[in-house]
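> Before I ask anything, here is the structure I am working with.
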Amino acid sequence: MGGLSGNATALRVTVAILILLAFVPLLHSGYDENLGRSVLMFATLSFGWNILGGYTGYVSFGNVVFFGIGTYTSAALWQHWHQQSIPLAIGCAVVVAVAFAIVLGIPILRLRGHYFAIATLGIALATEEIVANIDWLGAGSGQAVRPLEAFSSYYFAMWAVCAASMLVTYLITRSKLGYAFVAIRENEEAAAVLGVDATRYKVIAWAISAAMAAAAGAVFAGANGFIDPPTAFATDDNVFPIVMALLGGVGTVAGPLIGALILTAINETLWSHFPQIHTLFFGAVIVLVVLFLPRGLLWLMNTRGGWRGVVAAFGAYRL
Amino acid sequence: MELFAQDLVNGILAGGIFAVVALGFSLVWGIMNIINLAHGAYIMMGAYTSYVLFSTWHLDPFLSLPLAFGLLYFFGYGVQRFVINYVVRAPLLTPFLLTFGLSLLIVNVALFIFHGDTKGITTQYSGSNISIGTVTIAWTKLWTLVVALIITTGMQAFLTASRTGRAIRAMALDIDAAQLAGVRVSHLYAVVYGLGAGLAGAAGVLISLSYSLQPSMGDPFVITAFVCCVLGGLGTVQGALVGGLLYGVLEAFGSQYVGTGLQDAVALVVLLLVLIIRPRGILGKATA
């Protein structure tokens, strides 16, 4: 192992944690189950962001748009056709989101760097505004989604989506696809000269990214029971996954889940102890992560030279 | 036709504010390649400075503008010198998230101090208008546009004529060569960021005259600033001015002819079209 998959030990530990997470609803229902589902949801969103942002190096700041599309697909299935099936919701959400990603991706993925980041942010904001004006989707007041009787199904569905996202990420890093993505990240022109069809691979990466976020959204809608534009396109769901990937390690298989676990734990603790100013602390957490761990926890594990290497790593991006 | 003229005038008047909003953002982005997501937080700080000075000492907002500029300049200088400079060479995601975190931090400190309720500034001249034909112009907005034009002209003069301004432009062209020629890069980076924050503060004061105040008021202006930069072209004073005025007119027509709930969507669709068709902006050079 190793190579594009990242640190092998970290990967084994993460798989073990993921397996343990599957048993949460059997031991604790209620609060712990909701918390666990939230970890799995953020991990899935972070896996999704990491495919494009971590491997191809295209930093998206609007991936929440696919999460939103997923939630609304699920909500529309209940509102208009009275369908509650989770697999159906996930399937439809993925199809809609992938179609959206391909249509938008072909023009948008020509942009690079900051322009791509802001264009994606613009898409997320514009989509939210447009959805808030569509009566068929409940416009600004939102839509109710009736949850299933067996509520833990949503937990297991989210677990399955998360596990599938991690597996897909792992398989990509072990395939030609992963090398094509990384080649684009390292030097897009050189990759193109070597015969990598950059546009095609970027669109593929974005579509995979979109599918993961949409699947998470489809499950979230049922579990949440209600969807309106601010819930479906929440800033938290947009930014947390990026910070999680950064904390764990951008462009690693294990990073997103590790980041999601740690940050959800921090966020939940702050929320229960300092409900008034917890966003303030969260801002501070982001600043500290970016300043002291700009390459993530997993990267530190690979640092050579013991503590000196770690200290040297902190100043690597100084002016 | 009357409606058209009124919309055009309203758009240009609002565009003056947008130009100042975009100017600081454009400098920071164009010279240091940092997308400053905390720009909106500095706008909010400027607006609250004006509010505090007005409610405590009845200081006219136009007079508190230089104070807000100075205060935010030193704040921004410190932020760049002691925080952002440490990660400024990292891939673009890092500074991007850092400024986002800073913005969360500042906005929530403001929320803690001033609470979430909306505040406003009502001066003696707040309600007065002048009419030219069928078009009505609020005095406040007219003066705001005049001050905005003074600020942009002053900034242009500073960048072209002063020693520091020339050093900044040299640094934007080639940072290594500038450093070899004796430019103190870490100091100048802080100066540029300070100017960006100061201009955001000045924009905040102008905004406080016509919009209501609350701690997250600045956030939408980050997108506005970005759209203006892309429309006008990056890193130049003229680009920010043209982009700001154009965006103002666009938004005024968007809310009139497409729908009030959708003017942001209209602006963003235009942004995407410009990015795809002419990514260097209207006044931008070919090798941006």
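Starting from 1 in every chain, residues are counted up; chains themselves are A, B, ... following the order of the structure tokens, and ligands are numbered from 1 as listed.
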Please identify every residue of chain A that has at least one atom no farther than 9 Å from an atom of chain B, counting only C-alpha atoms, and for each give the shortest atom pair and the distance in Å to one decimal, arranged by chain then increasing number, as JSON lines.

```
{"residue": "A:Val59", "atom": "CA", "partner": "B:Leu93", "partner_atom": "CA", "distance": 6.8}
{"residue": "A:Pro107", "atom": "CA", "partner": "B:Ile276", "partner_atom": "CA", "distance": 6.8}
{"residue": "A:Ile108", "atom": "CA", "partner": "B:Ile276", "partner_atom": "CA", "distance": 7.4}
{"residue": "A:Arg110", "atom": "CA", "partner": "B:Ile276", "partner_atom": "CA", "distance": 7.8}
{"residue": "A:Leu111", "atom": "CA", "partner": "B:Ile276", "partner_atom": "CA", "distance": 7.5}
{"residue": "A:Gly113", "atom": "CA", "partner": "B:Leu92", "partner_atom": "CA", "distance": 7.2}
{"residue": "A:His114", "atom": "CA", "partner": "B:Ile35", "partner_atom": "CA", "distance": 7.2}
{"residue": "A:Tyr115", "atom": "CA", "partner": "B:Leu275", "partner_atom": "CA", "distance": 7.6}
{"residue": "A:Ile118", "atom": "CA", "partner": "B:Phe226", "partner_atom": "CA", "distance": 7.9}
{"residue": "A:Ala119", "atom": "CA", "partner": "B:Leu272", "partner_atom": "CA", "distance": 6.5}
{"residue": "A:Leu121", "atom": "CA", "partner": "B:Ile223", "partner_atom": "CA", "distance": 8.8}
{"residue": "A:Gly122", "atom": "CA", "partner": "B:Leu268", "partner_atom": "CA", "distance": 5.9}
{"residue": "A:Ile123", "atom": "CA", "partner": "B:Leu268", "partner_atom": "CA", "distance": 7.5}
{"residue": "A:Leu125", "atom": "CA", "partner": "B:Ala265", "partner_atom": "CA", "distance": 7.5}
{"residue": "A:Ala126", "atom": "CA", "partner": "B:Ala265", "partner_atom": "CA", "distance": 4.6}
{"residue": "A:Thr127", "atom": "CA", "partner": "B:Ala265", "partner_atom": "CA", "distance": 7.8}
{"residue": "A:Glu128", "atom": "CA", "partner": "B:Ala265", "partner_atom": "CA", "distance": 9.0}
{"residue": "A:Glu129", "atom": "CA", "partner": "B:Ala265", "partner_atom": "CA", "distance": 6.5}
{"residue": "A:Ile130", "atom": "CA", "partner": "B:Leu262", "partner_atom": "CA", "distance": 7.1}
{"residue": "A:Ala132", "atom": "CA", "partner": "B:Gly261", "partner_atom": "CA", "distance": 8.6}
{"residue": "A:Asn133", "atom": "CA", "partner": "B:Gly261", "partner_atom": "CA", "distance": 7.6}
{"residue": "A:Val239", "atom": "CA", "partner": "B:Leu97", "partner_atom": "CA", "distance": 8.6}
{"residue": "A:Ile242", "atom": "CA", "partner": "B:Leu97", "partner_atom": "CA", "distance": 8.5}
{"residue": "A:Val243", "atom": "CA", "partner": "B:Leu97", "partner_atom": "CA", "distance": 7.6}
{"residue": "A:Leu246", "atom": "CA", "partner": "B:Thr94", "partner_atom": "CA", "distance": 8.6}
{"residue": "A:Gln276", "atom": "CA", "partner": "B:Phe112", "partner_atom": "CA", "distance": 8.2}
{"residue": "A:Ile277", "atom": "CA", "partner": "B:Asn108", "partner_atom": "CA", "distance": 7.0}
{"residue": "A:His278", "atom": "CA", "partner": "B:Asn108", "partner_atom": "CA", "distance": 8.8}
{"residue": "A:Thr279", "atom": "CA", "partner": "B:Asn108", "partner_atom": "CA", "distance": 6.7}
{"residue": "A:Leu280", "atom": "CA", "partner": "B:Leu105", "partner_atom": "CA", "distance": 4.8}
{"residue": "A:Phe281", "atom": "CA", "partner": "B:Leu105", "partner_atom": "CA", "distance": 7.3}
{"residue": "A:Phe282", "atom": "CA", "partner": "B:Gly101", "partner_atom": "CA", "distance": 7.7}
{"residue": "A:Gly283", "atom": "CA", "partner": "B:Gly101", "partner_atom": "CA", "distance": 4.4}
{"residue": "A:Ala284", "atom": "CA", "partner": "B:Leu105", "partner_atom": "CA", "distance": 6.3}
{"residue": "A:Val285", "atom": "CA", "partner": "B:Gly101", "partner_atom": "CA", "distance": 7.8}
{"residue": "A:Ile286", "atom": "CA", "partner": "B:Gly101", "partner_atom": "CA", "distance": 5.2}
{"residue": "A:Val287", "atom": "CA", "partner": "B:Gly101", "partner_atom": "CA", "distance": 5.3}
{"residue": "A:Leu288", "atom": "CA", "partner": "B:Leu98", "partner_atom": "CA", "distance": 8.6}
{"residue": "A:Val289", "atom": "CA", "partner": "B:Leu98", "partner_atom": "CA", "distance": 8.7}
{"residue": "A:Val290", "atom": "CA", "partner": "B:Leu98", "partner_atom": "CA", "distance": 6.0}
{"residue": "A:Leu291", "atom": "CA", "partner": "B:Val87", "partner_atom": "CA", "distance": 6.6}
{"residue": "A:Pro294", "atom": "CA", "partner": "B:Thr94", "partner_atom": "CA", "distance": 6.6}
{"residue": "A:Phe314", "atom": "CA", "partner": "B:Tyr86", "partner_atom": "CA", "distance": 8.9}
{"residue": "A:Gly315", "atom": "CA", "partner": "B:Tyr86", "partner_atom": "CA", "distance": 7.0}
{"residue": "A:Ala316", "atom": "CA", "partner": "B:Val87", "partner_atom": "CA", "distance": 7.9}
{"residue": "A:Tyr317", "atom": "CA", "partner": "B:Arg89", "partner_atom": "CA", "distance": 4.7}
{"residue": "A:Arg318", "atom": "CA", "partner": "B:Tyr86", "partner_atom": "CA", "distance": 4.2}
{"residue": "A:Leu319", "atom": "CA", "partner": "B:Asn85", "partner_atom": "CA", "distance": 5.6}
```
> Write down as a PyMOL selection string the residues of region 36-195 of chain A whose backbone DSSP state falls under alpha helix (DSSP H).
chain A and resi 36-50+64-81+86-108+113-131+152-173+176-186+188-193
> Go ahead and write the residues just picked, C-alpha atoms, as a CSV table (one decimal), in the first residue's frame.

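Wrote it out as result_1.csv, contents follow:
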```csv
chain,number,residue,atom,x,y,z
A,36,GLY,CA,-22.9,9.4,14.7
A,37,ARG,CA,-25.1,10.1,11.6
A,38,SER,CA,-23.8,13.6,11.5
A,39,VAL,CA,-20.2,12.4,11.6
A,40,LEU,CA,-20.9,10.0,8.7
A,41,MET,CA,-22.7,12.7,6.7
A,42,PHE,CA,-19.8,15.1,7.1
A,43,ALA,CA,-17.3,12.4,6.3
A,44,THR,CA,-19.2,11.6,3.1
A,45,LEU,CA,-19.3,15.2,2.1
A,46,SER,CA,-15.6,15.5,2.9
A,47,PHE,CA,-14.8,12.4,0.8
A,48,GLY,CA,-16.8,14.0,-2.0
A,49,TRP,CA,-14.9,17.3,-1.8
A,50,ASN,CA,-11.6,15.4,-1.5
A,64,VAL,CA,-23.1,21.9,-1.0
A,65,VAL,CA,-25.1,22.5,-4.2
A,66,PHE,CA,-25.0,18.7,-4.8
A,67,PHE,CA,-26.0,18.0,-1.2
A,68,GLY,CA,-28.9,20.4,-1.7
A,69,ILE,CA,-29.9,18.7,-4.9
A,70,GLY,CA,-29.9,15.4,-3.1
A,71,THR,CA,-32.1,16.6,-0.3
A,72,TYR,CA,-34.6,18.2,-2.7
A,73,THR,CA,-34.7,15.1,-4.9
A,74,SER,CA,-35.6,13.1,-1.8
A,75,ALA,CA,-38.2,15.7,-0.7
A,76,ALA,CA,-39.8,15.9,-4.1
A,77,LEU,CA,-40.1,12.0,-4.2
A,78,TRP,CA,-42.1,12.2,-1.0
A,79,GLN,CA,-44.1,15.3,-1.8
A,80,HIS,CA,-45.2,14.4,-5.3
A,81,TRP,CA,-45.1,10.6,-5.5
A,86,ILE,CA,-34.1,5.3,0.8
A,87,PRO,CA,-32.4,3.4,-2.0
A,88,LEU,CA,-34.8,5.0,-4.5
A,89,ALA,CA,-34.1,8.4,-3.1
A,90,ILE,CA,-30.3,7.9,-3.2
A,91,GLY,CA,-30.5,6.5,-6.8
A,92,CYS,CA,-32.6,9.4,-8.1
A,93,ALA,CA,-30.5,12.0,-6.2
A,94,VAL,CA,-27.3,10.6,-7.7
A,95,VAL,CA,-28.7,10.6,-11.2
A,96,VAL,CA,-29.9,14.3,-10.9
A,97,ALA,CA,-26.7,15.5,-9.3
A,98,VAL,CA,-24.4,13.7,-11.8
A,99,ALA,CA,-26.4,15.2,-14.7
A,100,PHE,CA,-26.1,18.7,-13.1
A,101,ALA,CA,-22.4,18.2,-12.5
A,102,ILE,CA,-21.7,17.2,-16.1
A,103,VAL,CA,-23.8,20.0,-17.7
A,104,LEU,CA,-22.2,22.7,-15.4
A,105,GLY,CA,-18.7,21.0,-15.3
A,106,ILE,CA,-17.9,21.3,-18.9
A,107,PRO,CA,-17.9,25.1,-18.9
A,108,ILE,CA,-16.9,25.7,-15.2
A,113,GLY,CA,-7.7,28.4,-8.9
A,114,HIS,CA,-9.6,31.2,-7.3
A,115,TYR,CA,-11.9,31.6,-10.3
A,116,PHE,CA,-13.1,28.1,-10.1
A,117,ALA,CA,-13.5,28.4,-6.3
A,118,ILE,CA,-15.7,31.5,-6.6
A,119,ALA,CA,-17.6,30.2,-9.6
A,120,THR,CA,-18.6,27.1,-7.6
A,121,LEU,CA,-19.6,29.3,-4.6
A,122,GLY,CA,-21.6,31.4,-7.0
A,123,ILE,CA,-23.4,28.3,-8.4
A,124,ALA,CA,-24.3,27.2,-4.8
A,125,LEU,CA,-25.7,30.7,-3.9
A,126,ALA,CA,-27.6,31.1,-7.2
A,127,THR,CA,-29.1,27.6,-7.0
A,128,GLU,CA,-30.3,28.3,-3.5
A,129,GLU,CA,-31.9,31.5,-4.6
A,130,ILE,CA,-33.5,29.9,-7.6
A,131,VAL,CA,-34.8,26.9,-5.6
A,152,SER,CA,-32.3,3.8,12.4
A,153,SER,CA,-32.6,2.9,8.7
A,154,TYR,CA,-31.3,6.4,8.1
A,155,TYR,CA,-28.3,5.7,10.2
A,156,PHE,CA,-27.4,2.5,8.4
A,157,ALA,CA,-28.1,4.1,5.0
A,158,MET,CA,-25.7,7.0,5.9
A,159,TRP,CA,-23.1,4.5,7.1
A,160,ALA,CA,-23.4,2.6,3.8
A,161,VAL,CA,-23.1,5.8,1.8
A,162,CYS,CA,-20.0,6.8,3.8
A,163,ALA,CA,-18.4,3.4,3.5
A,164,ALA,CA,-19.1,3.3,-0.2
A,165,SER,CA,-17.6,6.8,-0.6
A,166,MET,CA,-14.4,5.7,1.2
A,167,LEU,CA,-14.2,2.5,-0.8
A,168,VAL,CA,-14.6,4.4,-4.1
A,169,THR,CA,-11.9,6.8,-3.0
A,170,TYR,CA,-9.6,3.9,-2.2
A,171,LEU,CA,-10.3,2.2,-5.5
A,172,ILE,CA,-9.7,5.4,-7.4
A,173,THR,CA,-6.3,5.7,-5.8
A,176,LYS,CA,-5.3,4.6,-13.5
A,177,LEU,CA,-8.1,7.2,-12.8
A,178,GLY,CA,-6.3,8.2,-9.6
A,179,TYR,CA,-3.0,8.8,-11.4
A,180,ALA,CA,-4.8,10.8,-14.1
A,181,PHE,CA,-6.4,13.0,-11.3
A,182,VAL,CA,-3.1,13.6,-9.6
A,183,ALA,CA,-1.3,14.3,-12.8
A,184,ILE,CA,-3.8,17.1,-13.4
A,185,ARG,CA,-3.2,18.4,-9.9
A,186,GLU,CA,0.5,18.5,-10.3
A,188,GLU,CA,-2.3,20.1,-16.0
A,189,GLU,CA,-0.4,21.1,-19.2
A,190,ALA,CA,2.2,18.3,-18.7
A,191,ALA,CA,-0.6,15.8,-18.1
A,192,ALA,CA,-2.4,16.9,-21.3
A,193,VAL,CA,0.9,16.5,-23.3
```
> Name the closest residue to Trp206 (chain A) among the candidates A:Leu18, A:Thr235, A:Ala218, A:Ile51; distances are taken between atoms, counting only C-alpha atoms.
A:Ile51
> My list of candidates is B:Val9, B:Leu209, B:Leu3, B:Ala203. Which is closest to Leu245 (chain B) when distances are computed with only C-alpha atoms?
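Of B:Val9, B:Leu209, B:Leu3, B:Ala203, the one nearest Leu245 (chain B), counting only C-alpha atoms, is B:Val9.
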> For CA of Gly217 (chain A) and CA of Leu26 (chain A), determine how far apart the two atoms are, in Å to one decimal place.
23.5 Å
> What does the distance between CA of Val145 (chain A) and CA of Ile227 (chain A) come to in Å, to one decimal place?
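Between CA of Val145 (chain A) and CA of Ile227 (chain A) the gap is 7.3 Å.
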> Counting only C-alpha atoms, figure out which residue out of A:Glu33, A:Ile266, A:Leu20, A:Leu52 gets nearest to Ile208 (chain A).
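Going through A:Glu33, A:Ile266, A:Leu20, A:Leu52 one by one, the smallest distance to Ile208 (chain A) is for A:Leu52.
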> As a list in words, please: the residues near Gly120 (chain B) (cut-off 8 Å, only C-alpha atoms, same-chain neighbours under 2 positions excluded).
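Returned residues: Tyr51, Thr118, Thr122, Ser208, Leu209, Tyr211, Ser212 and Leu213 of chain B.
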> Those selected residues, please, written with C-alpha atoms and delivered as a short mmCIF file (atom, residue, chain, number, x, y, z; two decimals), in the first residue's frame.

```
data_model
loop_
_atom_site.label_atom_id
_atom_site.label_comp_id
_atom_site.auth_asym_id
_atom_site.auth_seq_id
_atom_site.Cartn_x
_atom_site.Cartn_y
_atom_site.Cartn_z
CA TYR B 51 -22.39 53.72 14.27
CA THR B 118 -30.31 45.60 13.39
CA THR B 122 -30.32 58.54 10.84
CA SER B 208 -23.88 52.52 7.14
CA LEU B 209 -25.52 55.63 5.66
CA TYR B 211 -28.21 50.18 4.78
CA SER B 212 -29.12 48.81 8.23
CA LEU B 213 -26.37 47.32 10.39
#
```
> Select, from B:Phe221, B:Phe74, B:Tyr42, B:Trp139, the residue with the minimum atom-to-atom distance to Thr123 (chain B), counting only C-alpha atoms.
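Of the candidates, the smallest distance to Thr123 (chain B) is held by B:Trp139.
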> Just the residues within 10 Å of region 177-182 of chain B, please, counting only C-alpha atoms, with nothing from its chain fewer than 6 positions along; format it as a CSV table (one decimal) with N, CA and C atoms, in the first residue's frame.

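The resulting out-v4.csv:
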```csv
chain,number,residue,atom,x,y,z
B,167,ALA,N,6.6,50.7,-5.1
B,167,ALA,CA,7.1,49.5,-4.5
B,167,ALA,C,6.1,48.4,-4.6
B,168,ILE,N,4.8,48.8,-4.2
B,168,ILE,CA,3.7,47.8,-4.3
B,168,ILE,C,3.5,47.2,-5.7
B,169,ARG,N,3.6,48.2,-6.6
B,169,ARG,CA,3.3,47.7,-8.0
B,169,ARG,C,4.5,46.9,-8.5
B,170,ALA,N,5.7,47.2,-8.1
B,170,ALA,CA,6.9,46.4,-8.4
B,170,ALA,C,6.8,45.0,-7.9
B,171,MET,N,6.3,44.9,-6.6
B,171,MET,CA,6.1,43.7,-5.9
B,171,MET,C,5.1,42.8,-6.7
```
> Excluding Gly24 (chain B) and any residue of its chain fewer than 2 positions from it, enumerate the residues within 8 Å of it, using only C-alpha atoms, and give them as a compact mmCIF listing (two decimals) with N, CA and C atoms, in the first residue's frame.

```txt
# COMPACT_ATOMS: atom_id res chain seq x y z
N VAL B 20 -15.95 51.04 -4.09
CA VAL B 20 -15.06 51.10 -2.92
C VAL B 20 -14.95 49.72 -2.28
N VAL B 21 -16.09 48.99 -2.23
CA VAL B 21 -16.08 47.62 -1.69
C VAL B 21 -15.09 46.77 -2.49
N ALA B 22 -15.16 46.91 -3.83
CA ALA B 22 -14.33 46.07 -4.69
C ALA B 22 -12.86 46.48 -4.68
N SER B 26 -9.84 43.96 -4.55
CA SER B 26 -9.07 43.81 -5.78
C SER B 26 -7.57 43.97 -5.54
N LEU B 27 -7.19 44.94 -4.68
CA LEU B 27 -5.76 45.14 -4.37
C LEU B 27 -5.18 43.89 -3.72
N VAL B 28 -5.87 43.37 -2.70
CA VAL B 28 -5.37 42.22 -1.96
C VAL B 28 -5.26 41.00 -2.88
N LEU B 195 -4.30 48.34 3.62
CA LEU B 195 -5.06 49.22 2.72
C LEU B 195 -6.38 48.57 2.33
N GLY B 196 -6.32 47.25 2.06
CA GLY B 196 -7.54 46.53 1.70
C GLY B 196 -8.57 46.61 2.82
N ALA B 197 -8.11 46.37 4.05
CA ALA B 197 -9.02 46.43 5.20
C ALA B 197 -9.51 47.86 5.42
N GLY B 198 -8.60 48.84 5.27
CA GLY B 198 -8.98 50.24 5.46
C GLY B 198 -10.04 50.66 4.46
N LEU B 199 -9.84 50.27 3.18
CA LEU B 199 -10.84 50.60 2.16
C LEU B 199 -12.17 49.91 2.46
N ALA B 200 -12.10 48.65 2.95
CA ALA B 200 -13.33 47.96 3.35
C ALA B 200 -14.01 48.74 4.47
```
